[in-house]
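S.K.: Have a look at the structure that comes next, please.
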Amino acid sequence: MSTASRVATAREILRAKAIRTFDEPIELASGKLSRHFIDGKAGLCEAADLQVACGAIHALVSDAGIAYDACGGLTLGADHLAVGVAIAGDRRWFFVRKEPKGRGTGKQIEGAEVGPGVRVLLVEDVVSTGGSMLKAFDIIAATGAEIVAAATLIDRGDTASAAFAKRGVPYFTLGTYRDFGLDPV
């Protein structure tokens with residue numbers, strides 16, 4: 001299956017299963033309000049749907065000639081994609097905690113070891129302003145790992161693409177608010 005076909009199929013799954021419309025606006029993680037809520041976790045809770053979306057992300061990045069060793073991002077929005085994309089690309093996965101673990105090893109990054117010499121694909125399910133991705137970016141970058149690309153299912157605005165361009169990191173989406181006929185956030 002071509003990358004374009006994979007992306008188109010993933011978009012149809014997301015359109016049918018992840019986007020909900022409410023009569024009244026609700027608050028998003030970014031603090032912005034919207035009548036549209038995109039639940040990238042519930043929308044991809046069936047294994048076959050997750051496999052399609054993660055395969056599409058891996059294909060977009062690979063087709064761009066970008067190689068990565070590990071895939072991950074900030075928990076909870078990145079968890080299913082980190083594992084799914086890692087499986088699609090036969091790579092390692094990791095999760096970034098919002099705060100370092102308060103006991104045991106005190107780690108903030110769980111799963112694959114990331115640090116110097118590790119090329120990372122940063123993922124997040126739905127992006128409004130990019131705040132969660134950028135927080136994960138800073139935590140991962142502090143380890144010395146190289147963030148070679150960032151990817152999301154749906155970008156609800158225009159802020160994240162500019163932020164990653166400023167950092168010199170290629171940014172991929174399966175779709176934007178325009179593709180789904182949503183108002184920007």
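By convention in this document, the chains of the structure tokens carry letters A, B, ... by their order, each chain's residues are numbered from 1, and ligands are numbered from 1 in the order they are shown.
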What are the closest atom pairs, with distances in Å to one decimal, for each residue of stretch 5-71 of chain A lying within 7 Å of stretch 84-93 of chain A, using only C-alpha atoms, rows by chain and rising residue number, as a tab-separated table?
M.R.:
```
residue	atom	partner	partner_atom	distance
A:Leu50	CA	A:Gly84	CA	6.8
A:Gln51	CA	A:Gly84	CA	6.5
A:Cys54	CA	A:Val85	CA	4.7
A:Gly55	CA	A:Ala88	CA	5.4
A:Ile57	CA	A:Val85	CA	6.9
A:His58	CA	A:Val85	CA	6.0
A:Asp69	CA	A:Arg91	CA	5.7
A:Ala70	CA	A:Arg92	CA	4.5
A:Cys71	CA	A:Trp93	CA	4.8
```
S.K.: DSSP on the backbone, strand (DSSP E or B) only: what residues of stretch 72-122 of chain A does that give? Format it as a PyMOL selection string.
M.R.: chain A and resi 72-74+92-96+109-111+119-122
S.K.: Which residue out of A:Ala10, A:Ala53, A:Leu28, A:Ile140 has the minimum interatomic distance to A:Leu81 when only C-alpha atoms are used?
M.R.: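 The answer is A:Ala53, which sits nearest to A:Leu81.
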S.K.: Measuring between only C-alpha atoms, which one of A:Tyr177, A:Phe164, A:Phe22, A:Tyr68 shows the shortest distance to A:Val126?
M.R.: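 Once distances to A:Val126 are computed over only C-alpha atoms, the minimum belongs to A:Tyr177.
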S.K.: Which of these, A:Leu134, A:Ile19, A:Val127, A:Ala67, has the shortest distance to A:Thr176 once you count only C-alpha atoms?
M.R.: A:Val127
S.K.: So, counting only C-alpha atoms, which residue among A:Glu27, A:Lys98, A:Ala165, A:Val83 is closest to A:Ala47?
M.R.: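 Result for the nearest residue to A:Ala47: A:Val83.
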S.K.: Within 10 Å of A:Leu14, counting only C-alpha atoms, which residues show up once you throw out same-chain ones fewer than 4 positions away? Write them as a list of chain:residue names, please.
M.R.: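 Everything that qualifies: A:Ala8, A:Thr9, A:Ala10, A:Ala18, A:Ile19, A:Ile38, A:Asp39, A:Gly40, A:Ala42, A:Gly43, A:Leu44, A:Asp49, A:Ala53, A:Leu153, A:Ile154, A:Leu174, A:Gly175, A:Phe180.
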S.K.: Once DSSP has gone over the backbone, tell me which residues of chain A are in alpha helix (DSSP H), as a ChimeraX atom specification.
M.R.: /A:3-17,47-63,79-89,131-141,159-167
S.K.: Report, in Å with one decimal, the straight-line distance from atom CA of A:Ala136 to atom CA of A:Gln108.
M.R.: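 Atom CA of A:Ala136 sits 10.2 Å away from atom CA of A:Gln108.
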S.K.: Show which residues sit within 6 Å of A:Glu124, as a PyMOL selection string. Count only C-alpha atoms, and ignore same-chain residues fewer than 4 positions away.
M.R.: chain A and resi 77-78+152
S.K.: Keeping all heavy atoms for every residue in the selection just given, could you write it to a file as a compact mmCIF listing (two decimals), in the first residue's frame?
M.R.:
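File written: out36.txt
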```txt
# COMPACT_ATOMS: atom_id res chain seq x y z
N GLY A 77 -0.63 11.16 25.74
CA GLY A 77 -0.99 11.36 24.34
C GLY A 77 -0.12 10.62 23.36
O GLY A 77 -0.54 10.35 22.24
N ALA A 78 1.09 10.26 23.75
CA ALA A 78 2.01 9.61 22.82
C ALA A 78 2.10 8.11 23.00
O ALA A 78 2.62 7.43 22.12
CB ALA A 78 3.41 10.22 22.99
N THR A 152 2.40 13.74 14.31
CA THR A 152 1.13 13.67 15.03
C THR A 152 0.04 13.15 14.11
O THR A 152 0.19 13.18 12.88
CB THR A 152 0.75 15.06 15.59
OG1 THR A 152 -0.40 14.94 16.40
CG2 THR A 152 0.48 16.06 14.47
```
S.K.: Show which residues sit within 10 Å of A:Gly131, as an mmCIF file with all heavy atoms, in the first residue's frame. Count only C-alpha atoms, and ignore same-chain residues fewer than 6 positions away.
M.R.:
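In the end it all went to selection-v4.cif:
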```cif
data_model
loop_
_atom_site.group_PDB
_atom_site.id
_atom_site.type_symbol
_atom_site.label_atom_id
_atom_site.label_comp_id
_atom_site.auth_asym_id
_atom_site.auth_seq_id
_atom_site.Cartn_x
_atom_site.Cartn_y
_atom_site.Cartn_z
ATOM 1 N N ALA A 29 -6.630 20.529 26.172
ATOM 2 C CA ALA A 29 -5.416 20.509 27.006
ATOM 3 C C ALA A 29 -4.641 21.812 26.894
ATOM 4 O O ALA A 29 -3.987 22.238 27.844
ATOM 5 C CB ALA A 29 -4.528 19.335 26.612
ATOM 6 N N SER A 30 -4.734 22.476 25.748
ATOM 7 C CA SER A 30 -4.024 23.730 25.527
ATOM 8 C C SER A 30 -4.662 24.894 26.276
ATOM 9 O O SER A 30 -4.096 25.979 26.334
ATOM 10 C CB SER A 30 -4.031 24.063 24.027
ATOM 11 O OG SER A 30 -5.364 24.281 23.577
ATOM 12 N N PHE A 137 10.037 17.368 23.850
ATOM 13 C CA PHE A 137 11.225 17.707 23.063
ATOM 14 C C PHE A 137 12.355 18.162 23.983
ATOM 15 O O PHE A 137 13.490 17.681 23.882
ATOM 16 C CB PHE A 137 10.877 18.821 22.066
ATOM 17 C CG PHE A 137 12.017 19.212 21.163
ATOM 18 C CD1 PHE A 137 12.096 18.714 19.876
ATOM 19 C CD2 PHE A 137 13.003 20.090 21.591
ATOM 20 C CE1 PHE A 137 13.129 19.077 19.031
ATOM 21 C CE2 PHE A 137 14.040 20.457 20.759
ATOM 22 C CZ PHE A 137 14.112 19.951 19.473
ATOM 23 N N THR A 159 0.574 26.532 15.132
ATOM 24 C CA THR A 159 1.662 26.888 16.037
ATOM 25 C C THR A 159 2.787 25.855 16.053
ATOM 26 O O THR A 159 3.967 26.201 15.989
ATOM 27 C CB THR A 159 1.120 27.058 17.471
ATOM 28 O OG1 THR A 159 -0.002 27.921 17.427
ATOM 29 C CG2 THR A 159 2.162 27.636 18.392
ATOM 30 N N ALA A 160 2.444 24.579 16.142
ATOM 31 C CA ALA A 160 3.460 23.533 16.290
ATOM 32 C C ALA A 160 4.365 23.453 15.072
ATOM 33 O O ALA A 160 5.587 23.306 15.214
ATOM 34 C CB ALA A 160 2.799 22.186 16.560
ATOM 35 N N ALA A 163 6.908 26.063 15.331
ATOM 36 C CA ALA A 163 7.853 25.802 16.424
ATOM 37 C C ALA A 163 8.892 24.758 16.024
ATOM 38 O O ALA A 163 10.075 24.903 16.332
ATOM 39 C CB ALA A 163 7.102 25.361 17.675
#
```
S.K.: In terms of the shortest atom-to-atom distance over only C-alpha atoms, which of A:Lys135, A:Lys32, A:Arg6, A:Arg178 is closest to A:Ala59?
M.R.: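 So, comparing all the options, the nearest one is A:Arg6.
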S.K.: Using only C-alpha atoms, determine which residues lie at most 10 Å from A:Leu76, disregarding the query and same-chain residues fewer than 6 positions distant; provide the list as a list in words.
M.R.: Lys41, Phe95, Val96, Arg97, Lys98, Glu124, Asp125 and Ser132 of chain A
S.K.: What does the distance between atom CA of A:Leu182 and atom CA of A:Ala16 come to in Å, to one decimal place?
M.R.: 14.0 Å
S.K.: Determine the nearest neighbour of A:Leu60 from the options A:Val118, A:Leu33, A:Ala141, A:Ala150, counting only C-alpha atoms.
M.R.: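 Residue with the minimum atom-to-atom distance to A:Leu60: A:Ala150.
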